[in-house]
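Here is the file work.cif (mmCIF, C-alpha atoms and all ligand atoms).
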```cif
data_entry
#
loop_
_atom_site.label_atom_id
_atom_site.label_comp_id
_atom_site.auth_asym_id
_atom_site.auth_seq_id
_atom_site.Cartn_x
_atom_site.Cartn_y
_atom_site.Cartn_z
CA ASN A 1 18.23 -16.75 3.94
CA SER A 2 16.19 -13.72 3.21
CA LEU A 3 13.35 -12.50 1.08
CA LYS A 4 15.41 -9.85 -0.66
CA ALA A 5 18.12 -12.36 -1.55
CA ALA A 6 15.56 -14.90 -2.74
CA PHE A 7 14.13 -12.46 -5.27
CA GLU A 8 17.33 -10.65 -6.16
CA GLY A 9 17.34 -9.75 -9.84
CA GLU A 10 13.57 -10.30 -10.05
CA PHE A 11 11.92 -7.58 -7.98
CA THR A 12 12.58 -5.68 -4.79
CA ILE A 13 10.85 -6.74 -1.59
CA GLY A 14 9.28 -3.99 0.44
CA ALA A 15 7.55 -3.38 3.72
CA ALA A 16 5.39 -0.52 4.87
CA LEU A 17 6.76 0.90 8.11
CA ASN A 18 4.75 2.68 10.76
CA GLY A 19 5.98 5.77 12.57
CA ARG A 20 7.55 3.90 15.47
CA GLN A 21 9.47 1.64 13.14
CA ALA A 22 10.62 4.57 11.03
CA MET A 23 11.87 6.33 14.15
CA GLY A 24 13.75 3.24 15.32
CA GLN A 25 11.46 2.83 18.35
CA ASP A 26 10.47 -0.74 17.59
CA ALA A 27 13.73 -2.50 18.36
CA ASP A 28 12.49 -5.99 17.44
CA ALA A 29 11.48 -4.83 13.99
CA ILE A 30 14.85 -3.54 12.84
CA PRO A 31 16.69 -6.87 12.37
CA VAL A 32 13.79 -8.29 10.38
CA ILE A 33 13.57 -5.17 8.25
CA THR A 34 17.27 -5.12 7.43
CA GLN A 35 17.52 -8.86 6.84
CA HIS A 36 14.55 -9.26 4.54
CA PHE A 37 13.64 -6.04 2.79
CA ASN A 38 15.29 -3.70 0.30
CA SER A 39 12.40 -1.31 -0.20
CA LEU A 40 10.46 0.72 2.36
CA THR A 41 7.14 2.51 2.09
CA ALA A 42 5.69 4.98 4.56
CA GLU A 43 2.50 3.35 5.80
CA ASN A 44 1.07 6.62 7.12
CA ILE A 45 3.73 9.22 7.88
CA MET A 46 3.96 10.77 4.42
CA LYS A 47 0.20 11.07 3.99
CA TRP A 48 -1.30 14.54 4.02
CA GLY A 49 -2.87 14.32 7.47
CA PRO A 50 0.23 13.18 9.35
CA ILE A 51 2.77 15.25 7.41
CA HIS A 52 0.75 18.44 6.75
CA PRO A 53 -1.90 18.62 9.46
CA GLU A 54 -2.53 22.38 9.28
CA PRO A 55 -2.14 24.90 6.46
CA ASP A 56 1.26 26.13 7.55
CA LYS A 57 2.30 23.23 9.71
CA TYR A 58 4.35 20.31 8.49
CA ASN A 59 5.48 17.38 10.61
CA PHE A 60 8.51 16.03 8.80
CA GLU A 61 10.27 14.28 11.66
CA PRO A 62 8.97 10.70 11.18
CA ALA A 63 9.30 10.86 7.39
CA ASP A 64 12.82 12.28 7.67
CA ALA A 65 13.68 9.35 9.94
CA LEU A 66 12.36 6.90 7.38
CA VAL A 67 14.47 8.55 4.68
CA ALA A 68 17.53 8.27 6.93
CA LEU A 69 16.79 4.60 7.66
CA SER A 70 16.44 3.78 3.98
CA GLU A 71 19.69 5.60 3.19
CA GLN A 72 21.55 3.93 6.03
CA HIS A 73 20.66 0.50 4.70
CA GLY A 74 20.74 1.30 0.98
CA MET A 75 17.05 0.55 0.52
CA GLU A 76 14.77 2.19 -1.99
CA LEU A 77 12.12 4.44 -0.48
CA ILE A 78 8.56 4.69 -1.76
CA GLY A 79 6.55 7.82 -1.01
CA HIS A 80 2.93 7.14 -0.14
CA THR A 81 0.93 9.19 -1.03
CA LEU A 82 0.51 12.75 -2.33
CA VAL A 83 -3.17 12.89 -3.28
CA TRP A 84 -5.80 10.73 -1.60
CA HIS A 85 -9.36 11.26 -0.40
CA ASN A 86 -8.56 9.59 2.93
CA GLN A 87 -6.32 10.80 5.76
CA THR A 88 -6.51 14.29 4.33
CA PRO A 89 -7.52 16.97 6.83
CA ASP A 90 -10.89 18.71 6.39
CA TRP A 91 -9.29 22.13 6.01
CA VAL A 92 -7.86 21.08 2.67
CA PHE A 93 -11.36 20.91 1.21
CA GLU A 94 -12.84 23.94 3.02
CA ASN A 95 -12.66 27.65 2.41
CA GLY A 96 -12.12 28.58 6.04
CA LYS A 97 -15.70 29.89 6.39
CA GLY A 98 -17.40 26.56 6.74
CA LYS A 99 -17.98 26.22 3.01
CA PRO A 100 -16.27 23.99 0.47
CA ALA A 101 -13.03 25.26 -1.01
CA SER A 102 -13.19 26.60 -4.54
CA LYS A 103 -11.59 24.67 -7.33
CA ALA A 104 -8.74 27.18 -7.58
CA GLN A 105 -8.17 27.07 -3.83
CA LEU A 106 -8.05 23.28 -3.72
CA LEU A 107 -5.70 22.98 -6.68
CA GLN A 108 -3.48 25.64 -5.19
CA ARG A 109 -3.30 23.73 -1.93
CA MET A 110 -2.47 20.55 -3.79
CA GLU A 111 0.29 22.38 -5.61
CA GLY A 112 1.74 23.76 -2.40
CA HIS A 113 1.59 20.34 -0.79
CA ILE A 114 3.29 18.53 -3.66
CA ARG A 115 5.96 21.21 -4.02
CA THR A 116 6.74 21.08 -0.32
CA VAL A 117 6.60 17.35 0.35
CA ALA A 118 7.91 15.93 -2.92
CA GLY A 119 10.38 18.82 -3.01
CA ARG A 120 11.78 18.01 0.41
CA TYR A 121 12.38 14.38 -0.55
CA LYS A 122 13.58 15.09 -4.07
CA GLY A 123 16.34 12.67 -5.02
CA LYS A 124 15.61 10.54 -1.96
CA VAL A 125 12.36 8.92 -2.98
CA HIS A 126 12.60 6.18 -5.60
CA GLY A 127 8.94 6.52 -6.53
CA TRP A 128 5.75 8.27 -5.44
CA ASP A 129 2.23 6.97 -5.24
CA VAL A 130 1.12 10.30 -6.66
CA VAL A 131 -2.60 9.60 -6.68
CA ASN A 132 -4.11 6.85 -4.57
CA GLU A 133 -7.52 5.21 -5.00
CA ALA A 134 -9.19 7.61 -7.42
CA LEU A 135 -11.43 4.88 -8.82
CA ASN A 136 -14.59 3.08 -7.81
CA ASP A 137 -14.71 -0.69 -8.22
CA ASP A 138 -16.79 -0.26 -11.38
CA GLY A 139 -13.96 1.68 -12.97
CA THR A 140 -15.59 5.11 -12.81
CA LEU A 141 -13.89 7.96 -11.01
CA ARG A 142 -14.57 8.08 -7.28
CA GLN A 143 -16.78 10.98 -6.23
CA SER A 144 -14.17 12.23 -3.79
CA LYS A 145 -13.82 15.86 -2.80
CA TRP A 146 -10.89 16.02 -5.18
CA LEU A 147 -13.16 15.14 -8.06
CA THR A 148 -16.28 16.98 -7.01
CA ILE A 149 -14.44 20.22 -6.26
CA ALA A 150 -11.57 20.22 -8.75
CA GLY A 151 -12.87 17.94 -11.49
CA GLU A 152 -10.72 15.46 -13.38
CA GLU A 153 -8.06 18.09 -13.78
CA PHE A 154 -6.67 17.24 -10.35
CA LEU A 155 -5.24 14.02 -11.74
CA GLU A 156 -3.39 15.68 -14.56
CA LYS A 157 -2.15 18.46 -12.36
CA ALA A 158 -0.87 16.13 -9.65
CA TYR A 159 1.28 14.11 -12.04
CA ARG A 160 2.56 17.16 -13.92
CA LEU A 161 3.62 18.76 -10.66
CA ALA A 162 5.23 15.65 -9.23
CA ASN A 163 7.20 15.30 -12.45
CA GLU A 164 8.26 18.94 -12.31
CA VAL A 165 9.29 18.77 -8.67
CA ASP A 166 11.15 15.44 -8.76
CA PRO A 167 11.87 14.45 -12.35
CA GLU A 168 14.00 11.48 -11.26
CA ALA A 169 11.35 9.87 -9.06
CA GLU A 170 9.11 7.25 -10.59
CA LEU A 171 5.44 8.22 -10.55
CA TYR A 172 2.74 5.67 -9.88
CA TYR A 173 -1.01 5.27 -9.78
CA ASN A 174 -2.00 3.01 -6.87
CA ASP A 175 -5.35 1.36 -6.06
CA TYR A 176 -7.03 -1.72 -4.54
CA ASN A 177 -9.24 -4.40 -6.11
CA MET A 178 -7.26 -3.93 -9.29
CA TRP A 179 -7.92 -7.57 -10.20
CA LYS A 180 -11.59 -6.76 -10.79
CA PRO A 181 -12.08 -6.48 -14.55
CA ALA A 182 -14.07 -3.22 -14.45
CA LYS A 183 -11.60 -1.55 -12.13
CA ARG A 184 -8.68 -2.87 -14.17
CA ASP A 185 -10.19 -1.26 -17.26
CA GLY A 186 -10.81 1.96 -15.37
CA ALA A 187 -7.20 2.12 -14.22
CA ILE A 188 -5.97 1.49 -17.73
CA ARG A 189 -8.20 4.29 -19.03
CA LEU A 190 -7.04 6.65 -16.30
CA VAL A 191 -3.33 6.01 -16.85
CA ARG A 192 -3.56 5.87 -20.63
CA ASN A 193 -5.46 9.18 -20.75
CA LEU A 194 -2.67 10.83 -18.82
CA GLN A 195 0.08 9.21 -20.85
CA GLU A 196 -1.61 10.22 -24.10
CA LYS A 197 -1.47 13.82 -22.94
CA GLY A 198 2.28 13.41 -22.53
CA ILE A 199 2.05 13.17 -18.75
CA ARG A 200 4.49 10.81 -17.12
CA VAL A 201 3.04 7.87 -15.19
CA ASP A 202 5.70 5.19 -14.86
CA GLY A 203 3.77 2.40 -13.29
CA ILE A 204 0.72 1.00 -11.62
CA GLY A 205 0.52 -0.25 -8.06
CA MET A 206 -1.86 -3.13 -7.41
CA GLN A 207 -2.57 -3.14 -3.71
CA GLY A 208 -2.60 -6.73 -2.55
CA HIS A 209 -5.24 -6.73 0.16
CA TRP A 210 -6.40 -10.20 -0.72
CA GLY A 211 -8.03 -13.18 0.95
CA LEU A 212 -7.25 -16.88 1.22
CA GLU A 213 -9.47 -17.77 -1.72
CA ASN A 214 -10.06 -14.57 -3.62
CA PRO A 215 -8.98 -13.15 -5.96
CA SER A 216 -7.94 -16.12 -8.05
CA ILE A 217 -4.40 -16.40 -9.36
CA ALA A 218 -5.81 -16.04 -12.88
CA GLN A 219 -7.54 -12.76 -12.00
CA ILE A 220 -4.36 -11.33 -10.52
CA GLU A 221 -2.38 -12.52 -13.51
CA GLU A 222 -4.70 -10.86 -16.01
CA SER A 223 -4.17 -7.50 -14.35
CA ILE A 224 -0.41 -7.91 -14.11
CA ILE A 225 -0.28 -8.59 -17.85
CA ALA A 226 -2.70 -5.78 -18.75
CA PHE A 227 -0.95 -3.17 -16.60
CA SER A 228 2.49 -4.16 -17.85
CA LYS A 229 1.57 -2.74 -21.26
CA LEU A 230 1.49 0.73 -19.69
CA GLY A 231 4.62 0.59 -17.55
CA LYS A 232 5.99 -0.98 -14.43
CA VAL A 233 3.75 -3.14 -12.28
CA MET A 234 4.09 -3.27 -8.53
CA ILE A 235 2.28 -5.25 -5.86
CA THR A 236 2.16 -2.49 -3.33
CA GLU A 237 0.23 -3.45 -0.22
CA LEU A 238 0.32 -7.19 0.15
CA ASP A 239 -1.44 -8.94 3.01
CA ILE A 240 -3.71 -11.97 3.09
CA ASP A 241 -6.67 -11.70 5.42
CA VAL A 242 -7.36 -15.14 6.90
CA LEU A 243 -10.45 -13.94 8.75
CA PRO A 244 -13.79 -13.56 7.00
CA ASN A 245 -15.07 -10.10 6.25
CA PRO A 246 -18.33 -9.79 8.19
CA SER A 247 -19.88 -7.61 5.49
CA ASN A 248 -19.29 -10.29 2.92
CA ARG A 249 -19.33 -13.54 4.76
CA ASN A 250 -20.55 -16.89 3.71
CA GLY A 251 -18.46 -18.76 6.24
CA ALA A 252 -16.27 -20.19 3.52
CA ASP A 253 -13.05 -19.07 5.12
CA ILE A 254 -13.78 -20.30 8.62
CA ASP A 255 -12.29 -23.57 9.68
CA ALA A 256 -15.31 -24.98 11.50
CA THR A 257 -13.32 -27.44 13.59
CA PHE A 258 -11.96 -24.57 15.67
CA GLU A 259 -13.64 -22.20 18.03
CA PHE A 260 -14.44 -18.98 16.24
CA ASP A 261 -15.76 -15.95 18.08
CA GLU A 262 -18.49 -14.51 15.88
CA GLN A 263 -18.76 -11.27 17.77
CA TYR A 264 -15.13 -10.29 17.68
CA ASN A 265 -14.36 -12.21 14.57
CA VAL A 266 -11.27 -13.98 15.91
CA TYR A 267 -10.08 -17.53 16.42
CA THR A 268 -10.49 -17.82 20.17
CA ASN A 269 -7.49 -20.08 20.73
CA GLY A 270 -5.18 -18.58 18.16
CA LEU A 271 -4.78 -19.38 14.50
CA PRO A 272 -5.46 -23.07 13.81
CA ASP A 273 -2.64 -24.95 12.14
CA SER A 274 -4.83 -25.79 9.20
CA VAL A 275 -5.37 -22.10 8.47
CA GLN A 276 -1.69 -21.38 9.01
CA GLN A 277 -0.94 -23.97 6.33
CA LYS A 278 -3.57 -22.50 3.99
CA LEU A 279 -1.94 -19.12 4.37
CA ALA A 280 1.46 -20.58 3.56
CA GLN A 281 0.10 -22.27 0.45
CA ARG A 282 -1.65 -19.09 -0.66
CA TYR A 283 1.57 -17.10 -0.34
CA ALA A 284 3.48 -19.81 -2.21
CA ASP A 285 0.97 -19.69 -5.07
CA ILE A 286 1.04 -15.91 -5.21
CA PHE A 287 4.82 -15.70 -5.25
CA ALA A 288 5.02 -18.41 -7.92
CA LEU A 289 2.86 -16.10 -10.03
CA PHE A 290 5.00 -13.06 -9.27
CA ARG A 291 8.12 -15.00 -10.16
CA LYS A 292 6.57 -16.11 -13.45
CA HIS A 293 6.03 -12.43 -14.28
CA SER A 294 9.20 -11.03 -12.77
CA ASP A 295 9.95 -9.38 -16.13
CA LYS A 296 6.89 -7.18 -15.50
CA ILE A 297 6.89 -6.77 -11.72
CA SER A 298 9.46 -4.40 -10.26
CA ARG A 299 8.50 -4.55 -6.59
CA VAL A 300 6.40 -6.52 -4.09
CA THR A 301 5.65 -4.64 -0.88
CA PHE A 302 4.03 -6.11 2.24
CA TRP A 303 1.66 -3.82 4.11
CA GLY A 304 3.44 -4.10 7.42
CA VAL A 305 6.33 -6.15 8.81
CA SER A 306 4.65 -8.39 11.39
CA ASP A 307 1.10 -9.37 12.27
CA ALA A 308 1.37 -7.02 15.24
CA ASN A 309 1.59 -4.02 12.90
CA SER A 310 -1.15 -4.85 10.45
CA TRP A 311 -4.03 -2.46 9.77
CA LEU A 312 -6.14 -5.63 9.54
CA ASN A 313 -6.17 -5.78 13.34
CA ASP A 314 -8.45 -2.76 13.13
CA TRP A 315 -10.46 -3.51 10.04
CA PRO A 316 -13.23 -4.31 9.37
CA ILE A 317 -13.62 -4.78 13.12
CA LYS A 318 -11.49 -2.84 15.56
CA GLY A 319 -9.32 -4.86 17.89
CA ARG A 320 -9.50 -8.22 16.20
CA THR A 321 -6.49 -10.50 15.94
CA SER A 322 -5.39 -10.90 12.36
CA TYR A 323 -2.63 -12.98 10.79
CA PRO A 324 -2.00 -11.56 7.33
CA LEU A 325 1.81 -11.29 7.08
CA LEU A 326 4.92 -13.49 7.02
CA PHE A 327 6.10 -12.69 10.56
CA ASP A 328 4.13 -13.27 13.73
CA ARG A 329 3.51 -10.81 16.55
CA ASN A 330 6.99 -11.51 17.97
CA TYR A 331 8.65 -10.97 14.58
CA GLN A 332 9.24 -14.69 14.25
CA PRO A 333 8.96 -16.26 10.78
CA LYS A 334 5.70 -18.04 10.06
CA PRO A 335 5.32 -21.12 7.84
CA ALA A 336 4.27 -18.65 5.14
CA LEU A 337 7.79 -17.20 5.07
CA GLU A 338 9.27 -20.64 4.51
CA ALA A 339 6.71 -21.28 1.79
CA VAL A 340 7.72 -18.12 -0.05
CA LEU A 341 11.42 -18.96 0.26
CA GLN A 342 10.98 -22.65 -0.56
CA PRO A 343 11.43 -22.70 -4.33
CA VAL A 344 14.73 -20.92 -3.84
CA ASN A 345 15.96 -23.40 -1.23
CA LYS A 346 15.23 -26.26 -3.59
CA GLN A 347 17.33 -24.91 -6.46
O1 LIG B 401 -1.84 8.54 14.44
C1 LIG B 401 -3.08 8.48 15.16
C2 LIG B 401 -2.81 8.55 16.62
O2 LIG B 401 -2.28 9.82 16.92
C3 LIG B 401 -4.11 8.31 17.38
O3 LIG B 401 -3.86 8.26 18.73
C4 LIG B 401 -4.75 7.01 16.95
C5 LIG B 401 -6.08 6.74 17.60
O4 LIG B 401 -6.89 5.89 16.83
O5 LIG B 401 -4.95 7.05 15.57
C6 LIG B 401 -3.76 7.18 14.84
O6 LIG B 401 -4.03 7.23 13.47
C7 LIG B 401 -4.40 6.01 12.86
C8 LIG B 401 -3.32 5.66 11.85
O7 LIG B 401 -3.73 4.56 11.08
C9 LIG B 401 -1.98 5.36 12.48
O8 LIG B 401 -2.08 4.24 13.32
C10 LIG B 401 -5.73 6.22 12.19
O9 LIG B 401 -6.74 6.35 13.16
C11 LIG B 401 -6.06 5.05 11.27
O10 LIG B 401 -7.22 5.36 10.50
C12 LIG B 401 -4.91 4.81 10.33
O11 LIG B 401 -5.21 3.69 9.53
C13 LIG B 401 -4.45 3.60 8.34
C14 LIG B 401 -5.39 3.58 7.15
O12 LIG B 401 -4.62 3.42 5.96
C15 LIG B 401 -6.21 4.85 7.03
O13 LIG B 401 -7.09 4.76 5.98
C16 LIG B 401 -3.65 2.32 8.39
O14 LIG B 401 -2.68 2.39 9.44
C17 LIG B 401 -2.95 2.11 7.05
O15 LIG B 401 -2.36 0.83 7.03
C18 LIG B 401 -3.96 2.19 5.92
O16 LIG B 401 -3.28 2.03 4.70
C19 LIG B 401 -4.08 2.07 3.53
C20 LIG B 401 -3.21 2.63 2.42
O17 LIG B 401 -2.68 3.87 2.81
C21 LIG B 401 -3.99 2.77 1.13
N1 LIG B 401 -4.60 1.51 0.77
C22 LIG B 401 -5.39 0.86 1.80
C23 LIG B 401 -4.57 0.70 3.07
C24 LIG B 401 -5.35 -0.06 4.11
O18 LIG B 401 -6.46 0.67 4.52
#
```
Kindly transcribe the structure held in the file into structure tokens.
Ligand code: G3I
Amino acid sequence: NSLKAAFEGEFTIGAALNGRQAMGQDADAIPVITQHFNSLTAENIMKWGPIHPEPDKYNFEPADALVALSEQHGMELIGHTLVWHNQTPDWVFENGKGKPASKAQLLQRMEGHIRTVAGRYKGKVHGWDVVNEALNDDGTLRQSKWLTIAGEEFLEKAYRLANEVDPEAELYYNDYNMWKPAKRDGAIRLVRNLQEKGIRVDGIGMQGHWGLENPSIAQIEESIIAFSKLGKVMITELDIDVLPNPSNRNGADIDATFEFDEQYNVYTNGLPDSVQQKLAQRYADIFALFRKHSDKISRVTFWGVSDANSWLNDWPIKGRTSYPLLFDRNYQPKPALEAVLQPVNKQ
């Protein structure tokens, strides 16, 4: 039984791989990856910083390995990401004399980057997250260096170039908190503006960094339906944080019957069964929704393979122990995996 078989004909099931996994250095991960997934995303290794750390220096080795892995197993490969404000080296935004780059300089660098990276993987990448996280939660454009230096034009230019360089690859806009109404509207405006100019944007990625309670199924559903009017919809970075976010905590998520370390924000004796069950139920509810809209959703990608790999071990507090995925730290299936597979078993 596997995730990819369970959702065959509905949507592909993806995982973001880290560099070690891409390079085949995480032996325990490989069987889980090949059994359950038919889509792979580069968690970090295709981002500007890792792949293009200096003006004339590219580090293609890990990304090349990921391409080879995806080809070897006949999986689709998702490129993440060409233009982002994060994990982009400072030199990109500077003029080399300690001052900000000019608009022309920045756009030229972006062009060189897209031509080189998307060009290298032309015909190998199924789709690119061309621009990532260009919006604030209120739907306005993020005041990133891309925007403040190059103006809105950077968006248009990025998609035009990606289309020119790899006309067969799907081109996506990807962002988080896309269930929030204001951000949803902002994303629709952003993508529609581009499409109305004749620029190709094939789909929208809703990152799924969600919690046990929020967002509600109805909020997620509204965005899936709204985005589907513009193109493909993908859930691109799914993980469910079972720990409370200290910046936004009201204690609602904490199971008070178990010892909880306030300082390090972890369950001292491991994840209580009750929370494990809540996680399973949450995943079941979410996948029931995805299945209901499988005519709109083309892919669901988990942000990591096992709990050991998750970025949520380092955020919002570094070094905490988080449990957001379907496989535990030893790559063993969690009750949440069974919950996601359940409706299929029953048929
Ligand atoms: O590669 C270096 C390594 O050389 C160094 O020794 C080590 C020391 O800390 O850092 C390593 O880089 C880290 C990298 O992950 C790889 O592990 C960075 O510090 C760390 O910031 C980076 O975090 C990534 C984060 O994006 C950066 O913003 C996470 O792994 C990655 O999961 C996360 O992914 C993002 C998506 O791309 C976009 N949406 C949100 C999502 C979660 O933040």
| Using all atoms listed in the file, what are the residues with an atom within 9 Å of ligand LIG 401 (chain B), set out as number ranges by chain? | A: 16, 18-19, 42-45, 47, 50, 80-81, 84, 86-87, 132-133, 174-176, 207, 209, 236-237, 303-304, 309-312, 314-315
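Among the candidates A:Asn214, A:Asp307, A:Ser223, A:Glu168, the one nearest to Gly186 in chain A when counting only C-alpha atoms is A:Ser223.
The coordinates place CA of Ala118 in chain A at 12.5 Å from CA of Val67 in chain A.
Of the listed residues A:Ala63, A:Val242, A:Met75, A:Ala218, the one whose atoms come nearest to Ile33 in chain A is A:Met75, with distances taken using only C-alpha atoms.
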| field | Polymer residues at most 9 Å from Ala284 in chain A, only C-alpha atoms, same-chain spacing of 5 or more positions, as a count of residues only | value | 10
Residues of range 139-193 of chain A that have any atom at most 12 Å from an atom of range 99-103 of chain A: could you tabulate them with the shortest-distance atom pair and the distance in Å to one decimal, using only C-alpha atoms, ordered by chain and increasing number, as JSON lines?
```
{"residue": "A:Lys145", "atom": "CA", "partner": "A:Pro100", "partner_atom": "CA", "distance": 9.1}
{"residue": "A:Trp146", "atom": "CA", "partner": "A:Lys103", "partner_atom": "CA", "distance": 8.9}
{"residue": "A:Leu147", "atom": "CA", "partner": "A:Lys103", "partner_atom": "CA", "distance": 9.7}
{"residue": "A:Thr148", "atom": "CA", "partner": "A:Lys103", "partner_atom": "CA", "distance": 9.0}
{"residue": "A:Ile149", "atom": "CA", "partner": "A:Lys103", "partner_atom": "CA", "distance": 5.4}
{"residue": "A:Ala150", "atom": "CA", "partner": "A:Lys103", "partner_atom": "CA", "distance": 4.7}
{"residue": "A:Gly151", "atom": "CA", "partner": "A:Lys103", "partner_atom": "CA", "distance": 8.0}
{"residue": "A:Glu152", "atom": "CA", "partner": "A:Lys103", "partner_atom": "CA", "distance": 11.1}
{"residue": "A:Glu153", "atom": "CA", "partner": "A:Lys103", "partner_atom": "CA", "distance": 9.9}
{"residue": "A:Phe154", "atom": "CA", "partner": "A:Lys103", "partner_atom": "CA", "distance": 9.4}
```
Same residues, C-alpha atoms, saved as a PDB file, keeping the file's coordinate frame:
```pdb
ATOM      1  CA  LYS A 145     -13.820  15.860  -2.800  1.00  0.00           C
ATOM      2  CA  TRP A 146     -10.890  16.020  -5.180  1.00  0.00           C
ATOM      3  CA  LEU A 147     -13.160  15.140  -8.060  1.00  0.00           C
ATOM      4  CA  THR A 148     -16.280  16.980  -7.010  1.00  0.00           C
ATOM      5  CA  ILE A 149     -14.440  20.220  -6.260  1.00  0.00           C
ATOM      6  CA  ALA A 150     -11.570  20.220  -8.750  1.00  0.00           C
ATOM      7  CA  GLY A 151     -12.870  17.940 -11.490  1.00  0.00           C
ATOM      8  CA  GLU A 152     -10.720  15.460 -13.380  1.00  0.00           C
ATOM      9  CA  GLU A 153      -8.060  18.090 -13.780  1.00  0.00           C
ATOM     10  CA  PHE A 154      -6.670  17.240 -10.350  1.00  0.00           C
TER      11      PHE A 154
END
```
